[in-house]
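Structure file work-v5.tsv with TSV, C-alpha atoms:
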chain	number	residue	atom	x	y	z
G	111	MET	CA	52.32	100.64	10.42
G	112	HIS	CA	49.82	100.64	7.59
G	113	ILE	CA	50.43	99.61	3.96
G	114	GLU	CA	48.14	100.26	1.00
G	115	ARG	CA	48.78	98.46	-2.26
G	116	GLU	CA	47.83	99.78	-5.67
G	117	GLN	CA	48.43	98.33	-9.12
G	118	VAL	CA	49.47	100.91	-11.73
G	119	GLY	CA	49.82	99.16	-15.09
G	120	SER	CA	52.47	96.49	-14.58
G	121	ASP	CA	53.91	98.26	-11.52
G	122	VAL	CA	52.90	98.05	-7.88
G	123	VAL	CA	52.77	101.07	-5.56
G	124	LEU	CA	53.00	100.47	-1.82
G	125	LYS	CA	51.96	103.45	0.28
G	126	VAL	CA	53.49	103.00	3.70
G	127	ALA	CA	52.51	104.92	6.83
G	128	GLY	CA	53.72	104.78	10.43
G	129	ARG	CA	56.94	103.49	11.93
G	130	LEU	CA	59.49	101.30	10.17
G	131	ASP	CA	60.99	100.04	13.43
G	132	THR	CA	62.18	96.65	14.70
G	133	PRO	CA	58.73	95.30	15.66
G	134	ASN	CA	57.31	96.31	12.24
G	135	ALA	CA	60.33	95.29	10.14
G	136	LYS	CA	59.29	91.67	9.55
G	137	PRO	CA	55.74	92.43	8.34
G	138	PHE	CA	57.14	95.28	6.22
G	139	GLU	CA	59.72	92.97	4.64
G	140	ALA	CA	57.00	90.35	4.06
G	141	SER	CA	54.82	92.92	2.24
G	142	LEU	CA	57.73	93.94	0.01
G	143	MET	CA	58.77	90.37	-0.73
G	144	GLU	CA	55.19	89.37	-1.49
G	145	VAL	CA	55.24	91.94	-4.33
G	146	VAL	CA	58.67	90.76	-5.45
G	147	SER	CA	57.58	87.13	-5.63
G	148	THR	CA	54.06	87.49	-7.05
G	149	THR	CA	54.47	90.27	-9.65
G	150	ASP	CA	57.00	91.01	-12.38
G	151	GLY	CA	56.89	94.79	-12.86
G	152	GLY	CA	58.42	97.68	-10.99
G	153	LEU	CA	57.83	98.52	-7.32
G	154	LEU	CA	57.37	102.05	-6.01
G	155	VAL	CA	57.45	102.44	-2.23
G	156	ASN	CA	55.85	105.74	-1.20
G	157	LEU	CA	57.21	106.68	2.24
G	158	ALA	CA	55.29	109.97	2.67
G	159	GLY	CA	53.47	108.65	5.72
G	160	VAL	CA	56.57	107.21	7.41
G	161	ASP	CA	57.79	109.36	10.30
G	162	TYR	CA	60.37	106.99	11.78
G	163	VAL	CA	62.82	104.48	10.38
G	164	SER	CA	65.52	102.47	12.16
G	165	SER	CA	68.18	100.12	10.80
G	166	SER	CA	65.63	97.28	10.91
G	167	GLY	CA	63.43	99.17	8.44
G	168	LEU	CA	66.44	99.89	6.23
G	169	ARG	CA	67.34	96.22	6.33
G	170	ALA	CA	63.90	95.24	5.01
G	171	LEU	CA	64.29	97.66	2.09
G	172	LEU	CA	67.77	96.33	1.36
G	173	VAL	CA	66.56	92.73	1.25
G	174	ALA	CA	63.82	93.71	-1.23
G	175	GLY	CA	66.22	95.95	-3.17
G	176	LYS	CA	68.70	93.13	-3.65
G	177	ALA	CA	65.95	90.75	-4.79
G	178	MET	CA	64.58	93.31	-7.27
G	179	ARG	CA	68.06	94.08	-8.62
G	180	SER	CA	68.89	90.42	-9.20
G	181	ALA	CA	65.56	90.07	-11.04
G	182	LYS	CA	66.53	93.17	-13.09
G	183	ARG	CA	63.43	95.00	-11.90
G	184	LYS	CA	63.11	98.57	-10.72
G	185	LEU	CA	62.55	99.54	-7.08
G	186	THR	CA	61.95	103.24	-6.44
G	187	LEU	CA	61.39	105.04	-3.15
G	188	SER	CA	59.48	108.31	-3.00
G	189	SER	CA	58.38	111.16	-0.74
G	190	LEU	CA	60.83	110.77	2.15
G	191	GLN	CA	60.26	113.13	5.09
G	192	PRO	CA	63.40	115.18	6.00
G	193	GLN	CA	64.32	113.10	9.07
G	194	ILE	CA	63.87	109.88	7.12
G	195	ARG	CA	66.04	111.30	4.34
G	196	GLU	CA	68.73	112.03	6.94
G	197	VAL	CA	68.73	108.38	8.04
G	198	PHE	CA	69.10	107.33	4.41
G	199	ASP	CA	71.95	109.82	3.85
G	200	ILE	CA	73.89	108.75	6.97
G	201	SER	CA	73.60	105.05	6.16
G	202	GLY	CA	74.53	105.53	2.51
G	203	PHE	CA	71.13	104.19	1.39
G	204	SER	CA	70.42	107.40	-0.57
G	205	THR	CA	72.96	106.30	-3.16
G	206	LEU	CA	71.82	102.66	-3.23
G	207	PHE	CA	68.19	103.37	-4.09
G	208	GLU	CA	66.52	105.44	-6.71
G	209	ILE	CA	64.65	108.11	-4.78
G	210	SER	CA	62.07	110.35	-6.39
T	441	MET	CA	81.59	104.99	31.84
T	442	PRO	CA	81.26	107.32	34.82
T	443	ALA	CA	77.83	108.45	35.93
T	444	PRO	CA	76.73	111.64	34.22
T	445	THR	CA	77.70	114.52	36.49
T	446	ALA	CA	75.00	116.67	38.05
T	447	SER	CA	72.31	114.49	36.56
T	448	SER	CA	68.86	113.83	37.89
T	449	LEU	CA	66.91	110.69	37.19
T	450	ILE	CA	63.66	111.50	35.37
T	451	SER	CA	62.28	107.99	35.04
T	452	CYS	CA	63.23	104.33	34.68
T	453	LEU	CA	61.66	101.30	33.03
T	454	ASP	CA	62.23	97.55	33.25
T	455	VAL	CA	61.61	95.53	30.09
T	456	GLN	CA	61.71	91.89	29.05
T	457	ALA	CA	64.09	90.46	26.47
T	458	ARG	CA	61.50	90.36	23.69
T	459	ILE	CA	60.95	92.35	20.50
T	460	ASP	CA	57.52	93.62	21.58
T	461	ASP	CA	59.05	95.36	24.57
T	462	ILE	CA	61.02	97.61	22.19
T	463	THR	CA	57.68	99.30	21.42
T	464	LYS	CA	57.06	99.63	25.16
T	465	ALA	CA	60.50	101.26	25.62
T	466	THR	CA	60.23	103.72	22.73
T	467	GLY	CA	56.67	104.57	23.79
T	468	TRP	CA	57.90	105.29	27.33
T	469	LEU	CA	60.67	107.52	25.96
T	470	GLY	CA	58.24	109.29	23.62
T	471	ALA	CA	55.94	110.07	26.55
T	472	LEU	CA	58.89	111.51	28.49
T	473	ALA	CA	59.82	113.62	25.45
T	474	GLU	CA	56.28	115.02	25.37
T	475	ALA	CA	56.16	115.66	29.12
T	476	GLU	CA	59.61	117.28	29.19
T	477	ALA	CA	59.13	119.16	25.87
T	478	TRP	CA	62.40	117.93	24.31
T	479	PRO	CA	63.33	119.34	20.91
T	480	GLN	CA	62.29	117.02	18.08
T	481	ALA	CA	65.93	116.30	17.16
T	482	THR	CA	66.72	115.19	20.72
T	483	ARG	CA	63.69	112.94	20.81
T	484	PHE	CA	64.48	111.35	17.45
T	485	ALA	CA	68.15	110.77	18.32
T	486	LEU	CA	67.36	109.09	21.63
T	487	GLU	CA	64.38	107.09	20.43
T	488	LEU	CA	66.27	105.75	17.43
T	489	SER	CA	69.41	104.99	19.44
T	490	LEU	CA	67.50	103.30	22.25
T	491	GLU	CA	65.74	101.10	19.69
T	492	GLU	CA	69.02	100.17	18.00
T	493	ALA	CA	70.73	99.36	21.32
T	494	LEU	CA	67.77	97.48	22.76
T	495	THR	CA	67.32	95.47	19.54
T	496	ASN	CA	70.90	94.23	19.97
T	497	VAL	CA	70.35	93.30	23.62
T	498	VAL	CA	67.04	91.53	22.96
T	499	SER	CA	68.31	89.71	19.84
T	500	TYR	CA	71.78	88.64	21.00
T	501	GLY	CA	72.33	89.53	24.67
T	502	PHE	CA	70.83	86.39	26.14
T	503	ARG	CA	71.20	83.90	23.28
T	504	ASP	CA	74.34	82.36	24.82
T	505	SER	CA	73.51	83.18	28.42
T	506	ASP	CA	71.86	81.24	31.23
T	507	ALA	CA	71.09	84.43	33.13
T	508	VAL	CA	67.51	85.42	33.85
T	509	PRO	CA	67.30	88.59	31.70
T	510	ARG	CA	67.24	91.87	33.58
T	511	ILE	CA	67.01	94.95	31.37
T	512	ARG	CA	66.60	98.40	32.86
T	513	ILE	CA	66.41	101.75	31.08
T	514	GLU	CA	67.04	105.00	32.92
T	515	CYS	CA	66.50	108.52	31.67
T	516	HIS	CA	68.55	111.33	33.23
T	517	ARG	CA	68.34	115.07	32.82
T	518	LEU	CA	71.83	116.59	32.35
T	519	PRO	CA	72.96	120.23	32.45
T	520	GLU	CA	72.39	122.51	29.44
T	521	GLY	CA	69.37	120.67	28.12
T	522	ARG	CA	71.13	117.40	27.46
T	523	ILE	CA	69.40	114.09	28.10
T	524	ALA	CA	71.08	110.76	28.91
T	525	VAL	CA	69.43	107.39	28.38
T	526	ARG	CA	71.21	104.50	30.06
T	527	LEU	CA	70.56	100.91	29.09
T	528	ILE	CA	71.64	98.35	31.69
T	529	ASP	CA	71.44	94.60	31.03
T	530	ASN	CA	72.92	91.42	32.46
T	531	GLY	CA	73.42	89.75	29.07
T	532	VAL	CA	76.72	88.66	27.57
T	533	PRO	CA	79.37	91.41	27.44
T	534	PHE	CA	78.84	93.49	24.33
T	535	ASP	CA	80.40	96.86	23.59
T	536	PRO	CA	78.68	98.36	20.52
T	537	THR	CA	81.12	101.30	20.49
T	538	THR	CA	83.81	98.92	19.16
T	539	ILE	CA	81.73	97.78	16.17
T	540	ALA	CA	83.11	98.96	12.84
T	541	GLU	CA	80.74	100.84	10.58
T	542	PRO	CA	79.89	99.21	7.27
T	543	GLU	CA	81.78	100.60	4.31
T	544	VAL	CA	79.74	102.66	1.89
T	545	PRO	CA	78.95	100.15	-0.84
T	546	ALA	CA	79.29	100.93	-4.52
T	547	SER	CA	76.02	99.25	-5.40
T	548	ILE	CA	73.07	97.52	-3.86
T	549	GLU	CA	74.58	94.15	-4.80
T	550	ASP	CA	77.64	94.97	-2.66
T	551	ALA	CA	75.66	96.36	0.28
T	552	ARG	CA	76.04	94.40	3.48
T	553	ILE	CA	72.88	93.64	5.40
T	554	GLY	CA	73.29	94.83	8.98
T	555	GLY	CA	75.65	97.07	10.94
T	556	HIS	CA	73.79	100.28	10.21
T	557	GLY	CA	72.41	100.68	13.73
T	558	ILE	CA	75.73	101.70	15.26
T	559	GLN	CA	76.36	104.07	12.36
T	560	LEU	CA	73.04	105.84	13.02
T	561	MET	CA	73.69	106.01	16.78
T	562	ARG	CA	77.12	107.59	16.29
T	563	ASN	CA	75.71	110.18	13.90
T	564	PHE	CA	72.63	111.21	15.82
T	565	LEU	CA	74.04	111.14	19.38
T	566	GLU	CA	76.36	113.60	21.05
T	567	SER	CA	78.08	110.72	22.83
T	568	LEU	CA	77.84	106.95	23.18
T	569	ALA	CA	79.72	105.29	26.03
T	570	TYR	CA	80.01	101.72	27.28
T	571	ALA	CA	81.14	100.09	30.51
T	572	ARG	CA	80.93	96.57	31.93
T	573	GLU	CA	80.16	96.90	35.63
T	574	GLY	CA	79.17	94.21	38.12
T	575	GLY	CA	78.35	91.67	35.41
T	576	GLU	CA	76.19	94.16	33.50
T	577	ASN	CA	76.48	96.11	30.28
T	578	HIS	CA	75.98	99.85	30.82
T	579	LEU	CA	75.43	101.79	27.62
T	580	THR	CA	74.89	105.55	27.92
T	581	LEU	CA	73.35	107.55	25.09
T	582	VAL	CA	73.53	111.36	25.29
T	583	ALA	CA	71.77	113.84	23.03
T	584	GLY	CA	70.47	117.37	23.13
T	585	ARG	CA	73.54	119.55	22.88
T	586	PRO	CA	72.38	123.16	22.63
T	587	ASP	CA	72.98	124.78	19.23

In structure tokens, what does this structure look like?
Amino acid sequence: MHIEREQVGSDVVLKVAGRLDTPNAKPFEASLMEVVSTTDGGLLVNLAGVDYVSSSGLRALLVAGKAMRSAKRKLTLSSLQPQIREVFDISGFSTLFEIS
Amino acid sequence: MPAPTASSLISCLDVQARIDDITKATGWLGALAEAEAWPQATRFALELSLEEALTNVVSYGFRDSDAVPRIRIECHRLPEGRIAVRLIDNGVPFDPTTIAEPEVPASIEDARIGGHGIQLMRNFLESLAYAREGGENHLTLVAGRPD
């Protein structure tokens, strides 16, 4: 897994590549929560480079999503590959997150 | 769960009860998928389901057990292009097929953390079967039904 961080105005963009699986879930969650706790704008997670996601990866996004929602901040996901989109659809996550 | 009929064992792998060995297991399965030229959907279904099942075993299977962990993964070729992955462990009895799926939440505030693994397995696999045999959990994942 590889994560690139970019500041766009008051928002942060995280470009994620690789596998969002169980071994990578903790560092992925830590990267998301680091943005949540150290910035105060929106967060865009670009998943174009992610070719695999399991429930552990979903869990990390949900933890960050809940934290952003309670802080009344916007978390957006973008550029999901078709198989990743299918995982989001099956788990109901497509309706929980704003996806562009 | 009866043994898959007319199956042939392609390969097997022993792993330790640790998170890092999940990467070893999915890597092993990915290499088999390449060697056997499985369709992408079959590979994804089995890799994802093996990870979900193995994550449960590694995280909870031996937490309340004095047993020395033994975890074995077998891959069988079935008729008509189907593939079976069997996960055998001597952890505490756990039948994931009985786990209820999380309800679809109305909002992210209501969303429950966890329980999505079994939901994904049921959706991507053709069948998911459990048996407790000889003090071991036997979980069989089947995918690859021809279109």

Counting only C-alpha atoms, chain G residues within 12 Å of chain T, as a PyMOL selection string | chain G and resi 129-136+161-182+185+192-194+196-208

Those same residues, written as a short mmCIF file (atom, residue, chain, number, x, y, z; two decimals), keeping the file's coordinate frame with C-alpha atoms?
data_model
loop_
_atom_site.label_atom_id
_atom_site.label_comp_id
_atom_site.auth_asym_id
_atom_site.auth_seq_id
_atom_site.Cartn_x
_atom_site.Cartn_y
_atom_site.Cartn_z
CA ARG G 129 56.94 103.49 11.93
CA LEU G 130 59.49 101.30 10.17
CA ASP G 131 60.99 100.04 13.43
CA THR G 132 62.18 96.65 14.70
CA PRO G 133 58.73 95.30 15.66
CA ASN G 134 57.31 96.31 12.24
CA ALA G 135 60.33 95.29 10.14
CA LYS G 136 59.29 91.67 9.55
CA ASP G 161 57.79 109.36 10.30
CA TYR G 162 60.37 106.99 11.78
CA VAL G 163 62.82 104.48 10.38
CA SER G 164 65.52 102.47 12.16
CA SER G 165 68.18 100.12 10.80
CA SER G 166 65.63 97.28 10.91
CA GLY G 167 63.43 99.17 8.44
CA LEU G 168 66.44 99.89 6.23
CA ARG G 169 67.34 96.22 6.33
CA ALA G 170 63.90 95.24 5.01
CA LEU G 171 64.29 97.66 2.09
CA LEU G 172 67.77 96.33 1.36
CA VAL G 173 66.56 92.73 1.25
CA ALA G 174 63.82 93.71 -1.23
CA GLY G 175 66.22 95.95 -3.17
CA LYS G 176 68.70 93.13 -3.65
CA ALA G 177 65.95 90.75 -4.79
CA MET G 178 64.58 93.31 -7.27
CA ARG G 179 68.06 94.08 -8.62
CA SER G 180 68.89 90.42 -9.20
CA ALA G 181 65.56 90.07 -11.04
CA LYS G 182 66.53 93.17 -13.09
CA LEU G 185 62.55 99.54 -7.08
CA PRO G 192 63.40 115.18 6.00
CA GLN G 193 64.32 113.10 9.07
CA ILE G 194 63.87 109.88 7.12
CA GLU G 196 68.73 112.03 6.94
CA VAL G 197 68.73 108.38 8.04
CA PHE G 198 69.10 107.33 4.41
CA ASP G 199 71.95 109.82 3.85
CA ILE G 200 73.89 108.75 6.97
CA SER G 201 73.60 105.05 6.16
CA GLY G 202 74.53 105.53 2.51
CA PHE G 203 71.13 104.19 1.39
CA SER G 204 70.42 107.40 -0.57
CA THR G 205 72.96 106.30 -3.16
CA LEU G 206 71.82 102.66 -3.23
CA PHE G 207 68.19 103.37 -4.09
CA GLU G 208 66.52 105.44 -6.71
#

Identify, on the basis of only C-alpha atoms, every residue whose closest approach to G:Val145 does not exceed 10 Å; exclude the query and any residue fewer than 2 positions from it along the same chain; express the result as a ChimeraX atom specification.
-> /G:115,121-124,140-143,147-153,174,178

Coordinates-based distance that separates atom CA of T:Asp454 from atom CA of T:Glu520 (Å, one decimal) =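 Computing the Euclidean distance for atom CA of T:Glu520 and atom CA of T:Asp454 yields 27.2 Å.
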
Suppose you want the space between atom CA of T:Pro509 and atom CA of T:Ile528; what is it in Å?
->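 Going from atom CA of T:Pro509 over to atom CA of T:Ile528, I get 10.7 Å.
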
Quick one, how far is atom CA of T:Ala583 from atom CA of T:Pro519?
->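 Distance between the two atoms: 11.4 Å.
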
For T:Asp529, the nearest of the candidates T:Leu449, T:Ala457, T:Leu581, T:Ser499, counting only C-alpha atoms =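 Answer, going by the shortest atom-to-atom distance: T:Ala457.
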
Close residues, T:Arg585 itself excluded, 7 Å, all atoms listed in the file, min 5 positions apart in chain, as a list in words = Gly521, Arg522 and Glu566 of chain T

Which of these, T:Ala446, T:Arg503, T:Val508, T:Val497, has the shortest distance to T:Asn577 once you count only C-alpha atoms?
->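 Closest candidate: T:Val497.
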